[in-house]
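Text of the file my_file26.txt, holding compact mmCIF, C-alpha atoms:
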```txt
# COMPACT_ATOMS: atom_id res chain seq x y z
CA MET A 842 14.86 -2.93 12.93
CA PRO A 843 11.12 -2.20 12.89
CA LYS A 844 9.89 0.24 15.48
CA PRO A 845 7.90 -1.53 18.23
CA SER A 846 4.21 -0.82 17.94
CA LYS A 847 2.46 1.09 20.68
CA GLY A 848 -0.81 0.12 22.27
CA ALA A 849 -2.75 -3.10 22.52
CA ARG A 850 -2.16 -6.14 20.30
CA LEU A 851 -4.40 -6.73 17.32
CA GLY A 852 -6.81 -9.58 17.85
CA GLY A 853 -6.90 -11.17 21.29
CA GLY A 854 -3.26 -11.45 22.34
CA PRO A 855 0.31 -11.61 21.11
CA ALA A 856 -0.13 -15.01 19.49
CA HIS A 857 -3.33 -13.92 17.79
CA GLU A 858 -1.66 -10.79 16.47
CA ARG A 859 1.27 -12.82 15.13
CA LEU A 860 -1.06 -15.19 13.31
CA LEU A 861 -3.16 -12.31 12.01
CA LEU A 862 -0.16 -10.41 10.64
CA ASN A 863 1.34 -13.56 9.10
CA ASN A 864 -1.96 -14.31 7.37
CA LEU A 865 -2.17 -10.73 6.12
CA ALA A 866 1.41 -10.97 4.84
CA ALA A 867 0.58 -14.21 3.04
CA ALA A 868 -2.46 -12.57 1.44
CA LEU A 869 -0.31 -9.59 0.41
CA PHE A 870 2.32 -11.82 -1.23
CA GLU A 871 -0.38 -13.81 -3.00
CA HIS A 872 -2.40 -10.89 -4.36
CA LYS A 873 0.31 -8.14 -4.44
CA SER A 874 -2.26 -5.61 -3.19
CA ILE A 875 -4.81 -5.96 -0.41
CA THR A 876 -7.40 -3.68 1.18
CA THR A 877 -7.53 -3.66 4.97
CA THR A 878 -7.95 -1.22 7.82
CA PHE A 879 -5.34 1.51 8.13
CA THR A 880 -4.21 0.23 11.56
CA LYS A 881 -3.65 -3.29 10.28
CA ALA A 882 -1.85 -2.01 7.20
CA LYS A 883 0.53 0.04 9.35
CA ARG A 884 1.22 -2.97 11.57
CA LEU A 885 1.65 -5.25 8.58
CA GLN A 886 4.14 -3.01 6.79
CA PRO A 887 7.29 -3.75 8.86
CA VAL A 888 6.42 -7.46 9.08
CA ALA A 889 5.92 -7.85 5.35
CA GLU A 890 9.06 -5.88 4.50
CA ARG A 891 11.10 -8.07 6.82
CA TYR A 892 9.78 -11.15 5.04
CA VAL A 893 10.74 -9.65 1.69
CA THR A 894 14.24 -9.13 3.06
CA PHE A 895 14.37 -12.83 3.93
CA ALA A 896 13.19 -13.65 0.44
CA LYS A 897 15.95 -11.50 -1.06
CA ARG A 898 18.50 -13.44 0.99
CA GLY A 899 17.11 -16.46 -0.82
CA ASP A 900 19.00 -19.32 0.88
CA LEU A 901 17.54 -22.48 2.29
CA ALA A 902 17.65 -21.28 5.90
CA ALA A 903 15.66 -18.15 5.00
CA ARG A 904 13.16 -20.26 3.08
CA ARG A 905 12.66 -22.56 6.06
CA ARG A 906 12.14 -19.60 8.37
CA MET A 907 9.49 -18.25 6.02
CA LEU A 908 7.77 -21.64 5.87
CA GLY A 909 7.48 -21.39 9.66
CA VAL A 910 5.43 -18.20 9.45
CA ILE A 911 3.62 -18.62 6.12
CA THR A 912 2.13 -22.07 5.98
CA ASP A 913 1.30 -22.10 2.28
CA LYS A 914 4.31 -23.46 0.37
CA GLY A 915 3.05 -22.02 -2.89
CA ILE A 916 3.02 -18.46 -1.53
CA VAL A 917 6.53 -18.85 -0.08
CA HIS A 918 7.70 -20.14 -3.47
CA GLU A 919 6.13 -17.17 -5.21
CA LEU A 920 7.73 -14.81 -2.69
CA PHE A 921 11.20 -16.23 -3.26
CA THR A 922 11.07 -16.77 -7.03
CA GLU A 923 8.84 -13.93 -8.30
CA ILE A 924 8.72 -11.09 -5.78
CA ALA A 925 12.36 -11.18 -4.56
CA PRO A 926 13.95 -10.72 -8.04
CA GLN A 927 11.60 -7.80 -8.79
CA VAL A 928 12.70 -5.89 -5.68
CA ALA A 929 16.37 -6.92 -5.88
CA GLU A 930 17.45 -3.37 -6.80
CA ARG A 931 15.31 -1.73 -4.11
CA ASN A 932 16.84 -0.95 -0.71
CA GLY A 933 13.80 -1.21 1.53
CA GLY A 934 10.40 0.35 1.07
CA TYR A 935 8.90 -2.70 -0.57
CA THR A 936 5.33 -1.80 0.33
CA ARG A 937 3.12 1.22 -0.18
CA ILE A 938 0.07 2.24 1.88
CA THR A 939 -2.61 4.49 0.41
CA LYS A 940 -5.60 5.71 2.39
CA ILE A 941 -8.90 5.18 0.62
CA GLY A 942 -11.40 6.65 3.06
CA ASN A 943 -13.67 5.15 5.67
CA ARG A 944 -15.58 1.88 5.55
CA LYS A 945 -19.33 2.14 5.22
CA GLY A 946 -20.36 -0.25 8.00
CA ASP A 947 -18.31 0.98 10.94
CA ASN A 948 -16.58 4.10 9.57
CA ALA A 949 -13.16 2.44 10.03
CA PRO A 950 -10.38 4.13 8.05
CA MET A 951 -9.36 1.80 5.25
CA ALA A 952 -6.15 1.56 3.27
CA VAL A 953 -4.65 -0.33 0.36
CA ILE A 954 -1.27 -1.91 1.03
CA GLU A 955 0.58 -3.08 -2.05
CA LEU A 956 3.99 -4.37 -3.02
CA VAL A 957 6.12 -1.85 -4.88
CA LEU A 958 7.16 -3.96 -7.86
CA GLU A 959 8.00 -1.20 -10.33
CA PRO A 960 11.67 -0.90 -11.33
CA VAL A 961 13.62 1.58 -9.22
CA THR A 962 13.89 5.07 -10.68
CA PRO A 963 16.69 6.88 -8.82
CA LYS A 964 15.86 10.39 -7.74
CA LYS A 965 17.84 13.12 -9.48
CA LYS A 966 19.73 15.45 -7.21
CA ALA A 967 17.46 18.45 -6.76
CA ALA A 968 20.06 20.97 -5.56
CA LYS A 969 22.03 21.46 -8.80
CA PRO A 970 19.20 22.12 -11.32
CA ALA A 971 17.52 24.45 -8.83
CA ALA A 972 20.70 26.50 -8.45
CA GLU A 973 21.13 26.71 -12.22
CA LYS A 974 17.52 27.74 -12.68
CA ALA A 975 17.89 30.45 -10.06
CA ALA A 976 21.11 31.77 -11.64
CA ALA A 977 20.00 31.71 -15.29
CA PRO A 978 16.89 33.99 -15.16
CA VAL A 979 18.70 36.58 -13.04
CA ALA A 980 21.50 36.84 -15.60
CA GLU A 981 18.99 37.18 -18.44
CA GLU A 982 17.04 39.84 -16.58
CA THR A 983 20.10 41.97 -15.94
CA VAL A 984 21.06 41.78 -19.62
CA GLU A 985 17.55 42.77 -20.65
CA VAL A 986 17.43 45.66 -18.22
CA VAL A 987 20.73 47.00 -19.48
CA ALA A 988 19.62 46.56 -23.07
CA GLU A 989 16.36 48.37 -22.42
CA GLU A 990 17.91 51.22 -20.52
CA THR A 991 20.61 52.18 -23.02
CA PRO A 992 18.34 52.92 -26.04
CA VAL A 993 15.96 54.92 -23.87
CA VAL A 994 18.79 57.09 -22.62
CA ALA A 995 20.14 57.51 -26.13
CA GLU A 996 16.71 58.53 -27.43
CA GLU A 997 16.22 61.02 -24.63
CA THR A 998 19.57 62.64 -25.28
CA THR A 999 18.91 62.90 -29.02
CA GLU A 1000 15.49 64.40 -28.35
CA VAL A 1001 16.96 66.93 -25.94
CA VAL A 1002 19.63 67.82 -28.48
CA ALA A 1003 16.99 68.17 -31.21
CA GLU A 1004 14.86 70.39 -29.01
CA GLU A 1005 17.82 72.57 -28.19
CA ALA A 1006 18.68 72.83 -31.86
CA ALA A 1007 15.08 73.79 -32.66
CA ALA A 1008 15.13 76.42 -29.92
CA GLU A 1009 18.35 77.89 -31.32
CA GLU A 1010 16.87 77.98 -34.82
CA THR A 1011 13.81 79.94 -33.60
CA LYS A 1012 16.08 82.50 -31.95
CA MET B 436 -27.44 -1.13 40.67
CA ALA B 437 -26.41 2.46 41.36
CA VAL B 438 -28.99 5.00 40.23
CA PRO B 439 -29.00 8.86 40.20
CA LYS B 440 -30.51 10.39 43.30
CA ARG B 441 -31.81 13.53 41.58
CA LYS B 442 -33.23 14.45 38.23
CA MET B 443 -30.67 16.23 36.06
CA SER B 444 -31.75 19.83 35.43
CA ARG B 445 -32.28 21.19 31.92
CA SER B 446 -29.53 23.69 32.68
CA ASN B 447 -26.99 20.98 33.43
CA THR B 448 -28.11 18.99 30.41
CA ASN B 449 -27.74 22.01 28.15
CA SER B 450 -24.38 22.90 29.68
CA ARG B 451 -23.09 19.42 28.90
CA ARG B 452 -24.50 19.50 25.39
CA SER B 453 -22.98 22.90 24.71
CA GLN B 454 -19.61 21.16 24.65
CA TRP B 455 -20.57 19.02 21.64
CA LYS B 456 -18.85 20.80 18.81
CA ALA B 457 -18.29 19.79 15.24
CA GLN B 458 -14.79 20.30 13.89
CA ALA B 459 -14.32 21.44 10.34
CA PRO B 460 -12.10 19.00 8.40
CA ALA B 461 -8.84 20.39 7.07
CA LEU B 462 -9.38 20.27 3.31
CA VAL B 463 -7.01 20.81 0.43
CA LYS B 464 -8.05 23.25 -2.28
CA THR B 465 -7.15 22.30 -5.83
CA VAL B 466 -8.00 23.95 -9.14
CA GLU B 467 -8.53 21.63 -12.11
CA ASN B 468 -9.61 23.05 -15.46
CA GLY B 469 -10.79 26.21 -13.74
CA LYS B 470 -12.94 24.20 -11.35
CA VAL B 471 -12.18 24.52 -7.64
CA THR B 472 -12.46 21.28 -5.67
CA TYR B 473 -11.91 20.58 -1.98
CA SER B 474 -10.63 17.18 -0.89
CA LEU B 475 -9.16 15.41 2.13
CA PRO B 476 -5.36 15.43 2.20
CA HIS B 477 -3.30 12.24 1.71
CA GLN B 478 -6.26 10.22 0.55
CA ALA B 479 -7.10 8.52 -2.72
CA LYS B 480 -9.71 10.29 -4.83
CA VAL B 481 -12.54 8.76 -6.84
CA VAL B 482 -12.14 9.23 -10.58
CA THR B 483 -15.43 9.60 -12.44
CA ASP B 484 -16.30 9.60 -16.13
CA SER B 485 -18.19 12.41 -17.83
CA ALA B 486 -21.55 11.03 -16.66
CA GLY B 487 -20.37 11.06 -13.02
CA THR B 488 -20.12 7.28 -12.67
CA PRO B 489 -17.30 6.35 -10.26
CA LEU B 490 -14.56 4.38 -12.04
CA PHE B 491 -11.67 3.80 -9.62
CA LEU B 492 -9.64 5.37 -6.84
CA GLU B 493 -6.55 7.32 -7.77
CA TYR B 494 -3.68 8.78 -5.74
CA LYS B 495 -0.76 10.76 -7.20
CA GLY B 496 -1.60 9.67 -10.74
CA ARG B 497 -1.64 5.99 -9.79
CA LYS B 498 -4.67 3.74 -9.80
CA VAL B 499 -5.06 2.41 -6.26
CA ALA B 500 -8.24 0.35 -6.09
CA ASP B 501 -11.62 -0.25 -7.66
CA VAL B 502 -14.63 1.50 -6.20
```

Before anything else, please render the file you have as structure tokens.
Amino acid sequence: MPKPSKGARLGGGPAHERLLLNNLAAALFEHKSITTTFTKAKRLQPVAERYVTFAKRGDLAARRRMLGVITDKGIVHELFTEIAPQVAERNGGYTRITKIGNRKGDNAPMAVIELVLEPVTPKKKAAKPAAEKAAAPVAEETVEVVAEETPVVAEETTEVVAEEAAAEETK
Amino acid sequence: MAVPKRKMSRSNTNSRRSQWKAQAPALVKTVENGKVTYSLPHQAKVVTDSAGTPLFLEYKGRKVADV
């Protein structure tokens, strides 16, 4: 369930906000990516994702509910037949918000909200490769250290022996 | 209409104004091709061509919007 939004409604009142968010959702489903203020994008996100969930359900009842909030039949059709199959594999997170800086006129923070229509790429488990990486260099280092130390010791001993031999010869 | 009874002194004016302070933005330092750049965190950056003409906005290697 979407988290209830804090603060005043967008627009003039609850009804105005509802209409505003539904219109923004319709524009998002039509164009796949829209630029709006950051506040509106954040408010739109749970609404739009809920509508995508309805579209994924795909039955007649869901379609009629969507026609109640998005008045354009063409956009509802596109939502059910084009967008829903593309996000069928995705478990939530159907939209992405990116901040793009402040608007020139009134310095309002702007954002791009877009539908995430790329195919899902499952995240690889990060714990296992990290552990292997950590283990492998340590093992190599110990081997190298041992390898380096042994010849040095051997050389030193031979040198010492040679020196001793030379000293004995001089005597 | 309610109006001030007394003229505000220069001292009081200056005391009030002394509280106007600019805050330095928290910037992110990045090094690209040996060039250090500072940018705002979590915000799309403008990609420019060699002549410095802005092309589009990019965030995390993804084209976000036109300029």

Restrict the distance test to all atoms listed in the file, flag each residue of chain A within 8 Å of chain B, and return the flagged residues as a PyMOL selection string.
-> chain A and resi 939-942+953

Top pick for closest residue to Glu923 (chain A), considering A:Arg937, A:Lys897, A:Arg944, A:Lys847 and counting only C-alpha atoms | A:Lys897

Need the shell around Ala866 (chain A): protein/DNA/RNA residues with any atom at most 9 Å away, counting all atoms listed in the file. Skip same-chain ones fewer than 6 positions apart. Format as a compact mmCIF listing (two decimals) with C-alpha atoms, in the frame of the given file?
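The file below, result35.txt, is the result:
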```txt
# COMPACT_ATOMS: atom_id res chain seq x y z
CA LEU A 885 1.65 -5.25 8.58
CA GLN A 886 4.14 -3.01 6.79
CA VAL A 888 6.42 -7.46 9.08
CA ALA A 889 5.92 -7.85 5.35
CA TYR A 892 9.78 -11.15 5.04
CA ILE A 911 3.62 -18.62 6.12
```

Point-to-point distance in Å for CA of Ala952 (chain A) and CA of Ile938 (chain A) =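 One can read the CA of Ile938 (chain A) to CA of Ala952 (chain A) distance as 6.4 Å.
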
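Going from CA of Gly487 (chain B) over to CA of Gln458 (chain B), you cover 29.0 Å.
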
Could you pull the residues within 10 Å of Pro963 (chain A), counting only C-alpha atoms, minus those fewer than 3 positions along the same chain, as an MDAnalysis selection string?
-> chainID A and resid 931 960 966

How about saving the chosen residues, C-alpha atoms kept, as a short mmCIF file (atom, residue, chain, number, x, y, z; two decimals), in the coordinates of the input?
```cif
data_model
loop_
_atom_site.label_atom_id
_atom_site.label_comp_id
_atom_site.auth_asym_id
_atom_site.auth_seq_id
_atom_site.Cartn_x
_atom_site.Cartn_y
_atom_site.Cartn_z
CA ARG A 931 15.31 -1.73 -4.11
CA PRO A 960 11.67 -0.90 -11.33
CA LYS A 966 19.73 15.45 -7.21
#
```

Any idea what's packed within 8 Å of region 900-906 of chain A, counting all atoms listed in the file, ignoring anything in its chain fewer than 3 positions away? Could you give it as a CSV table (one decimal) with C-alpha atoms, in the frame of the given file?
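Contents of the output file out-v3.csv:
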```csv
chain,number,residue,atom,x,y,z
A,895,PHE,CA,14.4,-12.8,3.9
A,896,ALA,CA,13.2,-13.6,0.4
A,909,GLY,CA,7.5,-21.4,9.7
A,910,VAL,CA,5.4,-18.2,9.4
A,917,VAL,CA,6.5,-18.8,-0.1
A,921,PHE,CA,11.2,-16.2,-3.3
```

What's the 10 Å shell around Leu869 (chain A), counting only C-alpha atoms, without same-chain residues fewer than 2 positions away, as a list in words?
->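 Within the cut-off, the hits are Asn863, Asn864, Leu865, Ala866, Ala867, Glu871, His872, Lys873, Ser874, Ile875, Thr876, Leu885, Ala889, Ile916, Thr936, Ile954, Glu955 and Leu956 of chain A.
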
Final N, CA and C atoms of region 887-898 of chain A as a CSV table (one decimal), keeping the file's coordinate frame:
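Result file follows (part-v7.csv):
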```
chain,number,residue,atom,x,y,z
A,887,PRO,N,6.0,-3.3,8.5
A,887,PRO,CA,7.3,-3.8,8.9
A,887,PRO,C,7.4,-5.3,8.8
A,888,VAL,N,6.4,-6.0,9.1
A,888,VAL,CA,6.4,-7.5,9.1
A,888,VAL,C,6.6,-7.9,7.7
A,889,ALA,N,5.8,-7.4,6.7
A,889,ALA,CA,5.9,-7.8,5.4
A,889,ALA,C,7.3,-7.5,4.7
A,890,GLU,N,7.8,-6.3,5.1
A,890,GLU,CA,9.1,-5.9,4.5
A,890,GLU,C,10.2,-6.8,5.0
A,891,ARG,N,10.1,-7.2,6.3
A,891,ARG,CA,11.1,-8.1,6.8
A,891,ARG,C,11.1,-9.4,6.1
A,892,TYR,N,9.9,-9.9,5.8
A,892,TYR,CA,9.8,-11.2,5.0
A,892,TYR,C,10.4,-11.0,3.6
A,893,VAL,N,10.2,-9.9,3.0
A,893,VAL,CA,10.7,-9.6,1.7
A,893,VAL,C,12.3,-9.7,1.8
A,894,THR,N,12.8,-9.1,2.9
A,894,THR,CA,14.2,-9.1,3.1
A,894,THR,C,14.8,-10.6,3.2
A,895,PHE,N,14.0,-11.4,3.9
A,895,PHE,CA,14.4,-12.8,3.9
A,895,PHE,C,14.3,-13.4,2.5
A,896,ALA,N,13.3,-13.1,1.8
A,896,ALA,CA,13.2,-13.6,0.4
A,896,ALA,C,14.4,-13.2,-0.4
A,897,LYS,N,14.8,-12.0,-0.3
A,897,LYS,CA,16.0,-11.5,-1.1
A,897,LYS,C,17.2,-12.2,-0.7
A,898,ARG,N,17.3,-12.7,0.6
A,898,ARG,CA,18.5,-13.4,1.0
A,898,ARG,C,18.5,-14.8,0.2
```
